[in-house]
file start-v4.txt (compact mmCIF, C-alpha atoms and all ligand atoms)
# COMPACT_ATOMS: atom_id res chain seq x y z
CA MET T 142 -4.09 21.26 -4.33
CA GLU T 143 -3.51 22.32 -0.71
CA LYS T 144 0.03 21.48 0.44
CA ASN T 145 -0.93 20.00 3.78
CA LEU T 146 1.25 17.60 5.77
CA GLY T 147 -0.39 14.50 4.30
CA HIS T 148 0.12 15.76 0.76
CA VAL T 149 3.77 16.63 1.41
CA TYR T 150 4.34 13.21 2.99
CA GLN T 151 2.75 11.36 0.06
CA GLN T 152 4.77 13.32 -2.48
CA THR T 153 8.14 13.16 -0.72
CA THR T 154 7.95 9.43 -0.04
CA LYS T 155 7.21 8.40 -3.64
CA TYR T 156 9.67 6.00 -5.21
CA SER T 157 11.03 7.14 -8.53
CA ARG T 158 13.60 5.64 -10.84
CA ASN T 159 16.30 8.08 -9.73
CA ASN T 160 15.95 7.96 -5.95
CA LEU T 161 16.61 4.29 -5.24
CA GLU T 162 20.36 4.34 -5.88
CA GLY T 163 22.98 3.49 -3.28
CA ARG T 164 20.70 2.24 -0.48
CA ARG T 165 22.55 -0.06 1.90
CA LEU T 166 21.11 -1.86 4.87
CA ASP T 167 22.93 -1.58 8.20
CA TRP T 168 22.68 -5.23 9.28
CA ASP T 169 24.68 -4.60 12.45
CA ASN T 170 21.94 -2.30 13.70
CA LYS T 171 18.86 -4.14 12.51
CA PRO T 172 16.14 -3.79 15.18
CA GLU T 173 14.60 -6.93 16.71
CA SER T 174 11.50 -8.14 14.84
CA TYR T 175 9.50 -8.82 17.98
CA LYS T 176 9.38 -7.71 21.55
CA GLU T 177 9.29 -9.78 24.70
CA TYR T 178 9.02 -8.78 28.32
CA ASP T 179 11.05 -10.51 31.03
CA GLY T 180 8.65 -12.66 32.98
CA GLU T 181 6.08 -15.38 32.61
CA TYR T 182 3.84 -15.55 29.54
CA LEU T 183 0.55 -17.44 29.95
CA VAL T 184 0.39 -19.80 26.98
CA LEU T 185 -2.87 -19.56 25.04
CA PRO T 186 -4.80 -22.54 23.62
CA GLY T 187 -4.04 -23.47 20.00
CA PRO T 188 -2.90 -22.94 17.29
CA PRO T 189 -3.99 -24.16 14.85
CA PRO T 190 -7.59 -23.13 15.37
CA ASP T 191 -10.33 -25.43 14.22
CA GLY T 192 -13.96 -25.12 13.20
CA GLY T 193 -15.99 -21.97 12.71
CA LYS T 194 -17.50 -20.52 9.57
CA SER T 195 -15.74 -20.77 6.24
CA LEU T 196 -13.61 -17.91 4.97
CA TRP T 197 -16.19 -17.20 2.28
CA GLN T 198 -19.08 -17.08 4.71
CA SER T 199 -17.03 -14.88 7.06
CA LEU T 200 -16.26 -12.44 4.24
CA LEU T 201 -19.93 -12.31 3.42
CA GLU T 202 -21.05 -11.75 7.02
CA ARG T 203 -18.26 -9.45 8.33
CA ARG T 204 -19.67 -6.23 9.80
CA SER T 205 -18.61 -3.79 12.49
CA VAL T 206 -20.54 -4.77 15.60
CA ARG T 207 -20.75 -2.36 18.53
CA ASN T 208 -23.24 -4.10 20.84
CA TYR T 209 -22.03 -6.99 22.96
CA THR T 210 -23.50 -9.15 25.70
CA VAL T 211 -21.84 -9.28 29.14
CA GLU T 212 -20.74 -12.91 28.56
CA GLU T 213 -17.12 -13.96 28.93
CA LEU T 214 -15.02 -15.22 26.03
CA THR T 215 -13.43 -18.63 26.46
CA PRO T 216 -9.62 -19.04 26.56
CA GLU T 217 -9.96 -20.98 23.27
CA GLU T 218 -11.68 -18.03 21.58
CA LEU T 219 -9.02 -15.66 22.93
CA GLY T 220 -6.25 -17.96 21.64
CA GLN T 221 -7.84 -18.28 18.21
CA LEU T 222 -8.31 -14.53 17.84
CA ALA T 223 -4.78 -13.69 18.98
CA TRP T 224 -3.29 -16.24 16.62
CA ALA T 225 -5.46 -15.10 13.69
CA VAL T 226 -4.25 -11.51 14.10
CA MET T 227 -0.49 -12.05 13.98
CA GLY T 228 0.29 -15.62 15.05
CA ALA T 229 3.36 -17.56 13.90
CA THR T 230 2.68 -19.92 11.01
CA ARG T 231 6.20 -21.08 10.24
CA VAL T 232 9.34 -20.95 12.32
CA THR T 233 12.50 -20.53 10.30
CA ALA T 234 16.08 -21.49 11.14
CA ARG T 235 16.70 -17.86 12.12
CA LYS T 236 15.61 -17.73 15.74
CA ASP T 237 14.29 -14.19 15.52
CA PHE T 238 12.08 -14.67 12.46
CA PHE T 239 8.60 -16.14 12.27
CA PHE T 240 6.29 -16.10 9.29
CA ARG T 241 2.85 -15.00 10.44
CA THR T 242 -0.83 -14.97 9.53
CA ALA T 243 -0.48 -11.33 8.42
CA PRO T 244 1.99 -10.15 5.78
CA SER T 245 4.51 -7.40 6.54
CA ALA T 246 6.56 -5.14 4.26
CA GLY T 247 10.10 -6.52 4.07
CA GLY T 248 9.21 -9.12 6.73
CA LEU T 249 10.02 -6.49 9.35
CA TYR T 250 6.86 -6.83 11.47
CA PRO T 251 6.64 -3.40 13.10
CA ILE T 252 3.28 -4.15 14.71
CA GLU T 253 3.08 -5.30 18.34
CA THR T 254 -0.19 -6.64 19.76
CA TYR T 255 -1.56 -5.86 23.21
CA ILE T 256 -4.82 -7.28 24.50
CA HIS T 257 -6.99 -5.70 27.14
CA ILE T 258 -9.02 -8.39 28.89
CA ASN T 259 -12.30 -7.33 30.41
CA ARG T 260 -13.99 -10.72 30.50
CA VAL T 261 -12.28 -13.99 29.58
CA LYS T 262 -12.79 -17.16 31.62
CA ASP T 263 -9.73 -17.97 33.80
CA PHE T 264 -7.92 -14.70 32.92
CA SER T 265 -7.75 -11.74 35.28
CA PRO T 266 -8.73 -8.37 33.83
CA GLY T 267 -5.84 -6.23 32.66
CA ILE T 268 -3.60 -5.29 29.75
CA TYR T 269 -1.41 -8.03 28.31
CA HIS T 270 1.33 -8.16 25.68
CA TYR T 271 1.03 -10.92 23.07
CA SER T 272 4.21 -12.83 22.25
CA VAL T 273 4.30 -14.19 18.70
CA PRO T 274 6.92 -16.92 19.37
CA LYS T 275 5.32 -18.04 22.63
CA HIS T 276 1.68 -17.60 21.55
CA GLY T 277 1.20 -16.32 25.06
CA LEU T 278 0.19 -13.29 27.09
CA TYR T 279 2.26 -11.34 29.60
CA LEU T 280 0.33 -9.34 32.17
CA LEU T 281 1.56 -5.76 31.98
CA ARG T 282 -1.05 -4.07 34.08
CA ASP T 283 -3.88 -5.62 36.06
CA GLY T 284 -7.20 -4.23 37.18
CA ASP T 285 -10.38 -2.89 35.71
CA LEU T 286 -9.07 -0.54 33.01
CA GLY T 287 -12.12 -0.55 30.72
CA HIS T 288 -13.32 2.90 31.71
CA SER T 289 -9.90 4.57 31.36
CA LEU T 290 -9.33 2.91 27.98
CA ALA T 291 -12.79 3.93 26.76
CA GLU T 292 -12.13 7.53 27.84
CA ALA T 293 -8.82 7.42 25.94
CA ALA T 294 -10.74 6.17 22.89
CA LEU T 295 -12.69 9.43 22.73
CA GLY T 296 -15.25 8.09 25.20
CA GLN T 297 -16.34 5.20 22.96
CA GLN T 298 -18.43 2.97 25.21
CA ILE T 299 -17.73 -0.17 23.17
CA VAL T 300 -14.24 -0.31 24.66
CA GLU T 301 -15.67 -0.58 28.17
CA ASN T 302 -18.39 -3.03 27.11
CA ALA T 303 -16.19 -5.31 25.01
CA ALA T 304 -14.96 -8.64 26.38
CA ILE T 305 -11.51 -7.84 24.98
CA ASN T 306 -9.82 -5.01 23.11
CA PHE T 307 -6.85 -5.27 20.77
CA PHE T 308 -4.24 -2.51 20.63
CA TRP T 309 -1.74 -2.46 17.82
CA THR T 310 1.36 -0.36 18.26
CA ALA T 311 4.10 0.26 15.71
CA VAL T 312 7.76 -0.01 16.59
CA THR T 313 8.68 2.46 13.89
CA SER T 314 12.46 1.84 13.89
CA ARG T 315 11.88 -1.71 12.56
CA THR T 316 10.44 -0.34 9.35
CA PHE T 317 12.45 2.90 9.14
CA TRP T 318 15.62 0.74 9.21
CA LYS T 319 14.89 -0.40 5.65
CA TYR T 320 12.39 2.02 4.18
CA GLY T 321 13.10 5.34 5.88
CA GLN T 322 10.15 7.73 5.96
CA ARG T 323 8.31 5.72 3.31
CA GLY T 324 7.98 3.06 5.99
CA ILE T 325 5.06 4.91 7.61
CA ARG T 326 2.94 3.86 4.62
CA TYR T 327 3.80 0.22 5.23
CA ILE T 328 3.22 0.40 8.99
CA TYR T 329 -0.40 1.39 8.47
CA MET T 330 -0.88 -1.29 5.81
CA ASP T 331 0.51 -3.89 8.22
CA ALA T 332 -1.89 -2.73 10.95
CA GLY T 333 -4.78 -2.98 8.49
CA HIS T 334 -3.92 -6.61 7.74
CA ALA T 335 -3.99 -7.44 11.44
CA GLY T 336 -7.34 -5.69 11.77
CA GLN T 337 -8.95 -7.57 8.90
CA ASN T 338 -7.59 -10.88 10.21
CA LEU T 339 -9.30 -10.12 13.51
CA TYR T 340 -12.60 -9.19 11.84
CA LEU T 341 -12.67 -12.41 9.82
CA ALA T 342 -11.66 -14.62 12.75
CA ALA T 343 -14.28 -13.00 15.00
CA THR T 344 -16.96 -13.48 12.34
CA ALA T 345 -15.94 -17.12 11.88
CA LEU T 346 -16.35 -17.64 15.64
CA GLU T 347 -19.70 -15.79 15.69
CA LEU T 348 -18.28 -12.95 17.77
CA GLY T 349 -18.77 -9.22 17.25
CA CYS T 350 -15.81 -7.01 16.30
CA CYS T 351 -15.27 -3.32 15.57
CA SER T 352 -12.14 -1.46 14.45
CA ILE T 353 -11.28 1.72 16.31
CA GLY T 354 -9.12 4.46 14.82
CA ALA T 355 -10.32 7.30 17.05
CA PHE T 356 -8.27 7.67 20.23
CA PHE T 357 -6.06 10.09 22.11
CA ASP T 358 -2.77 8.51 21.07
CA ASP T 359 -0.65 9.42 24.06
CA GLU T 360 -3.34 8.50 26.58
CA ILE T 361 -3.43 4.99 25.07
CA ASN T 362 0.39 4.89 24.90
CA LYS T 363 0.57 5.72 28.59
CA LEU T 364 -1.91 2.99 29.53
CA LEU T 365 0.08 0.46 27.47
CA GLY T 366 3.36 1.70 28.94
CA VAL T 367 4.97 2.53 25.57
CA ASP T 368 6.93 5.70 24.86
CA GLY T 369 4.81 7.12 22.01
CA GLU T 370 8.01 7.85 20.05
CA ASP T 371 9.77 4.69 18.89
CA GLU T 372 6.64 2.68 19.76
CA THR T 373 3.22 4.23 19.39
CA ILE T 374 -0.42 3.17 19.09
CA VAL T 375 -1.74 2.97 15.51
CA TYR T 376 -4.98 0.97 15.64
CA MET T 377 -7.45 -0.69 18.00
CA ALA T 378 -10.39 -3.10 17.84
CA SER T 379 -12.95 -4.42 20.29
CA VAL T 380 -14.50 -7.90 20.44
CA GLY T 381 -17.44 -9.33 22.38
CA LYS T 382 -20.19 -11.91 22.27
CA LEU T 383 -22.93 -11.09 19.78
CA LYS T 384 -26.36 -10.06 20.98
CA LYS T 385 -28.77 -12.56 19.39
C1 LIG N 401 -9.37 2.54 10.10
C2 LIG N 401 -10.74 2.37 10.70
C3 LIG N 401 -11.07 3.09 11.85
C4 LIG N 401 -12.32 2.94 12.42
N1 LIG N 401 -12.59 3.58 13.59
C5 LIG N 401 -13.78 3.39 14.20
C6 LIG N 401 -14.03 3.99 15.46
O1 LIG N 401 -13.21 4.67 16.05
N2 LIG N 401 -15.24 3.75 16.03
C7 LIG N 401 -16.20 2.96 15.43
O2 LIG N 401 -17.27 2.79 16.02
N3 LIG N 401 -15.97 2.38 14.23
C8 LIG N 401 -14.79 2.56 13.60
N4 LIG N 401 -14.52 1.93 12.41
C9 LIG N 401 -15.55 1.05 11.78
C10 LIG N 401 -16.19 1.73 10.56
O3 LIG N 401 -17.08 2.73 11.00
C11 LIG N 401 -16.89 0.67 9.71
O4 LIG N 401 -15.91 -0.24 9.19
C12 LIG N 401 -17.66 1.28 8.54
O5 LIG N 401 -18.74 2.04 9.01
C13 LIG N 401 -18.17 0.21 7.58
O6 LIG N 401 -19.01 -0.73 8.24
P1 LIG N 401 -18.66 -2.29 8.26
O7 LIG N 401 -17.33 -2.46 8.94
O8 LIG N 401 -19.78 -2.91 9.07
O9 LIG N 401 -18.61 -2.78 6.86
C14 LIG N 401 -13.29 2.06 11.82
C15 LIG N 401 -12.94 1.35 10.67
C16 LIG N 401 -11.68 1.47 10.14
C17 LIG N 401 -11.32 0.63 8.94
call {"tool": "encode", "arguments": {"input": "start-v4.txt", "output": "structure tokens", "more": "lines below"}}
Ligand SMILES: Cc1cc2nc3c(=O)[nH]c(=O)nc-3n(C[C@H](O)[C@H](O)[C@H](O)COP(=O)(O)O)c2cc1C
result
Amino acid sequence: MEKNLGHVYQQTTKYSRNNLEGRRLDWDNKPESYKEYDGEYLVLPGPPPDGGKSLWQSLLERRSVRNYTVEELTPEELGQLAWAVMGATRVTARKDFFFRTAPSAGGLYPIETYIHINRVKDFSPGIYHYSVPKHGLYLLRDGDLGHSLAEAALGQQIVENAAINFFWTAVTSRTFWKYGQRGIRYIYMDAGHAGQNLYLAATALELGCCSIGAFFDDEINKLLGVDGEDETIVYMASVGKLKK
């Protein structure tokens, strides 16, 4: 077996019965479990969402769709999709903790959601940050960024054609705090849950969706305004109206 980086990572981050001793959590330095920008968040419609196809029908019909019409999404569709991905489902007494639609290893929630709006009724085009507690969007960067984002996604045209694109970053320190290097495994699992939630919600709403794992990481990081070190892009997805 070739000892490449992936192999070394997998081997050195295995749990075994003799390497779990003496692990203590540094509660005084626990990172925040969500991020918020100073400024106004535009509150999205919902939750809870209503209507649409059943879970079972959505599982049956889910496909990666790469052709979209030029129609806008409605604010209700945007709100339903954002909530499905990572929305709060239960607020606990602890002000910084929200159970969500997607599970997360240790309840640490390393994944942040950004949404690029190309075409949504009543929303100006730009890149927004999604706040879990507020179920709202904060405009980080306005303007027509579809072409630059598509170029950063290895020239994939779907990014420019989509009505919206999701960007999931990982704030790695949230997970490293408890799991150390093994946490990278969990970060990618968490991102996968968000991605599948989006696929199923889009299918239920009769929208097209496609996951995107091919991108120039630091070009996307720069467009999102994240440092690429503590917080870095891990996954993307595009959504648009289905061509009939
Ligand atoms: C982690 C991951 C990354 C992917 N990256 C891309 C991508 O960059 N571009 C693309 O067109 N499709 C991408 N896809 C979609 C896959 O090509 C698609 O899921 C696969 O062909 C199976 O088809 P289905 O989703 O319709 O079942 C990705 C899927 C996953 C799960």
call {"tool": "residues_near_ligand", "arguments": {"input": "start-v4.txt", "ligand": "ligand LIG 401 (chain N)", "cutoff": "7 Å", "atoms": "all atoms listed in the file", "output": "ChimeraX atom specification"}}
result
/T:203-207,351-355
call {"tool": "write_last_selection", "arguments": {"input": "start-v4.txt", "atoms": "C-alpha atoms", "output": "PDB file, keeping the file's coordinate frame"}}
result
ATOM      1  CA  ARG T 203     -18.260  -9.450   8.330  1.00  0.00           C
ATOM      2  CA  ARG T 204     -19.670  -6.230   9.800  1.00  0.00           C
ATOM      3  CA  SER T 205     -18.610  -3.790  12.490  1.00  0.00           C
ATOM      4  CA  VAL T 206     -20.540  -4.770  15.600  1.00  0.00           C
ATOM      5  CA  ARG T 207     -20.750  -2.360  18.530  1.00  0.00           C
ATOM      6  CA  CYS T 351     -15.270  -3.320  15.570  1.00  0.00           C
ATOM      7  CA  SER T 352     -12.140  -1.460  14.450  1.00  0.00           C
ATOM      8  CA  ILE T 353     -11.280   1.720  16.310  1.00  0.00           C
ATOM      9  CA  GLY T 354      -9.120   4.460  14.820  1.00  0.00           C
ATOM     10  CA  ALA T 355     -10.320   7.300  17.050  1.00  0.00           C
TER      11      ALA T 355
END
call {"tool": "residues_around", "arguments": {"input": "start-v4.txt", "residues": "Ala378 of chain T", "least_positions_apart": "2", "cutoff": "12 Å", "atoms": "only C-alpha atoms", "output": "compact mmCIF listing (two decimals) with C-alpha atoms, keeping the file's coordinate frame"}}
result
# COMPACT_ATOMS: atom_id res chain seq x y z
CA SER T 205 -18.61 -3.79 12.49
CA VAL T 206 -20.54 -4.77 15.60
CA ARG T 207 -20.75 -2.36 18.53
CA LEU T 222 -8.31 -14.53 17.84
CA VAL T 226 -4.25 -11.51 14.10
CA THR T 254 -0.19 -6.64 19.76
CA TYR T 255 -1.56 -5.86 23.21
CA ILE T 256 -4.82 -7.28 24.50
CA HIS T 257 -6.99 -5.70 27.14
CA LEU T 290 -9.33 2.91 27.98
CA ALA T 291 -12.79 3.93 26.76
CA ALA T 294 -10.74 6.17 22.89
CA GLN T 297 -16.34 5.20 22.96
CA ILE T 299 -17.73 -0.17 23.17
CA VAL T 300 -14.24 -0.31 24.66
CA GLU T 301 -15.67 -0.58 28.17
CA ALA T 303 -16.19 -5.31 25.01
CA ALA T 304 -14.96 -8.64 26.38
CA ILE T 305 -11.51 -7.84 24.98
CA ASN T 306 -9.82 -5.01 23.11
CA PHE T 307 -6.85 -5.27 20.77
CA PHE T 308 -4.24 -2.51 20.63
CA TRP T 309 -1.74 -2.46 17.82
CA ALA T 332 -1.89 -2.73 10.95
CA GLY T 333 -4.78 -2.98 8.49
CA ALA T 335 -3.99 -7.44 11.44
CA GLY T 336 -7.34 -5.69 11.77
CA GLN T 337 -8.95 -7.57 8.90
CA ASN T 338 -7.59 -10.88 10.21
CA LEU T 339 -9.30 -10.12 13.51
CA TYR T 340 -12.60 -9.19 11.84
CA ALA T 343 -14.28 -13.00 15.00
CA GLY T 349 -18.77 -9.22 17.25
CA CYS T 350 -15.81 -7.01 16.30
CA CYS T 351 -15.27 -3.32 15.57
CA SER T 352 -12.14 -1.46 14.45
CA ILE T 353 -11.28 1.72 16.31
CA GLY T 354 -9.12 4.46 14.82
CA ALA T 355 -10.32 7.30 17.05
CA PHE T 356 -8.27 7.67 20.23
CA ILE T 374 -0.42 3.17 19.09
CA VAL T 375 -1.74 2.97 15.51
CA TYR T 376 -4.98 0.97 15.64
CA VAL T 380 -14.50 -7.90 20.44
CA GLY T 381 -17.44 -9.33 22.38
call {"tool": "atom_distance", "arguments": {"input": "start-v4.txt", "atom1": "atom CA of Gly287 of chain T", "atom2": "atom CA of Ile361 of chain T"}}
result
11.8 Å
call {"tool": "closest_residue", "arguments": {"input": "start-v4.txt", "among": "T:Pro251, T:Pro190, T:Thr233, T:Tyr182", "to": "Tyr320 of chain T", "atoms": "only C-alpha atoms"}}
result
T:Pro251
call {"tool": "closest_atom_pairs", "arguments": {"input": "start-v4.txt", "of": "segment 310-350 of chain T", "to": "segment 217-220 of chain T", "cutoff": "10 Å", "atoms": "all atoms listed in the file", "output": "CSV"}}
result
residue,atom,partner,partner_atom,distance
T:Ala342,CA,T:Glu218,CA,9.5
T:Ala343,CA,T:Glu218,CA,8.7
T:Leu346,CA,T:Glu218,CA,7.6
T:Leu348,CA,T:Glu218,CA,9.2
call {"tool": "closest_atom_pairs", "arguments": {"input": "start-v4.txt", "of": "segment 251-352 of chain T", "to": "segment 158-171 of chain T", "cutoff": "8 Å", "atoms": "all atoms listed in the file", "output": "tab-separated table"}}
result
residue	atom	partner	partner_atom	distance
T:Arg315	CA	T:Lys171	CA	7.4
T:Trp318	CA	T:Lys171	CA	6.7
T:Lys319	CA	T:Leu166	CA	6.4
call {"tool": "write_last_selection", "arguments": {"input": "start-v4.txt", "atoms": "C-alpha atoms", "output": "short mmCIF file (atom, residue, chain, number, x, y, z; two decimals), keeping the file's coordinate frame"}}
result
data_model
loop_
_atom_site.label_atom_id
_atom_site.label_comp_id
_atom_site.auth_asym_id
_atom_site.auth_seq_id
_atom_site.Cartn_x
_atom_site.Cartn_y
_atom_site.Cartn_z
CA ARG T 315 11.88 -1.71 12.56
CA TRP T 318 15.62 0.74 9.21
CA LYS T 319 14.89 -0.40 5.65
#
call {"tool": "residues_around", "arguments": {"input": "start-v4.txt", "residues": "Arg326 of chain T", "least_positions_apart": "2", "cutoff": "12 Å", "atoms": "all atoms listed in the file", "output": "number ranges by chain"}}
result
T: 147, 150-155, 245-246, 251, 311, 313, 316-317, 320-324, 328-333, 375
call {"tool": "closest_residue", "arguments": {"input": "start-v4.txt", "among": "T:Val149, T:Leu364, T:Leu214, T:Leu200", "to": "Ile268 of chain T", "atoms": "only C-alpha atoms"}}
result
T:Leu364
call {"tool": "atom_distance", "arguments": {"input": "start-v4.txt", "atom1": "atom CA of Ile258 of chain T", "atom2": "atom CA of Lys194 of chain T"}}
result
24.3 Å
call {"tool": "atom_distance", "arguments": {"input": "start-v4.txt", "atom1": "atom CA of Tyr327 of chain T", "atom2": "atom CA of Ala225 of chain T"}}
result
19.8 Å
call {"tool": "closest_residue", "arguments": {"input": "start-v4.txt", "among": "T:Glu202, T:Glu173, T:Glu253, T:Lys363", "to": "Lys236 of chain T", "atoms": "only C-alpha atoms"}}
result
T:Glu173
call {"tool": "decode", "arguments": {"input": "start-v4.txt", "residues": "segment 230-265 of chain T", "atoms": "C-alpha atoms", "output": "short mmCIF file (atom, residue, chain, number, x, y, z; two decimals), in the first residue's frame"}}
result
data_model
loop_
_atom_site.label_atom_id
_atom_site.label_comp_id
_atom_site.auth_asym_id
_atom_site.auth_seq_id
_atom_site.Cartn_x
_atom_site.Cartn_y
_atom_site.Cartn_z
CA THR T 230 -34.93 22.98 15.12
CA ARG T 231 -34.73 23.42 18.88
CA VAL T 232 -33.34 26.25 20.95
CA THR T 233 -31.87 25.16 24.24
CA ALA T 234 -31.38 27.10 27.46
CA ARG T 235 -27.74 27.63 26.47
CA LYS T 236 -27.86 30.72 24.30
CA ASP T 237 -25.08 29.58 22.00
CA PHE T 238 -26.49 26.14 21.19
CA PHE T 239 -29.17 25.23 18.67
CA PHE T 240 -30.12 21.75 17.56
CA ARG T 241 -30.33 21.71 13.78
CA THR T 242 -31.72 19.81 10.81
CA ALA T 243 -28.27 18.27 10.23
CA PRO T 244 -26.37 16.27 12.86
CA SER T 245 -22.85 17.26 13.90
CA ALA T 246 -20.10 15.32 15.67
CA GLY T 247 -20.06 16.35 19.33
CA GLY T 248 -22.69 19.03 18.59
CA LEU T 249 -19.82 21.32 17.57
CA TYR T 250 -21.22 22.50 14.22
CA PRO T 251 -18.05 23.43 12.34
CA ILE T 252 -19.93 24.14 9.10
CA GLU T 253 -20.90 27.70 8.16
CA THR T 254 -23.29 28.34 5.27
CA TYR T 255 -22.92 31.10 2.70
CA ILE T 256 -25.40 31.63 -0.12
CA HIS T 257 -24.63 33.28 -3.42
CA ILE T 258 -27.80 34.79 -4.85
CA ASN T 259 -27.97 35.15 -8.60
CA ARG T 260 -31.74 35.30 -8.97
CA VAL T 261 -34.17 35.43 -6.06
CA LYS T 262 -37.21 37.72 -6.07
CA ASP T 263 -36.72 40.77 -3.79
CA PHE T 264 -33.05 39.92 -3.02
CA SER T 265 -30.13 41.73 -4.63
#
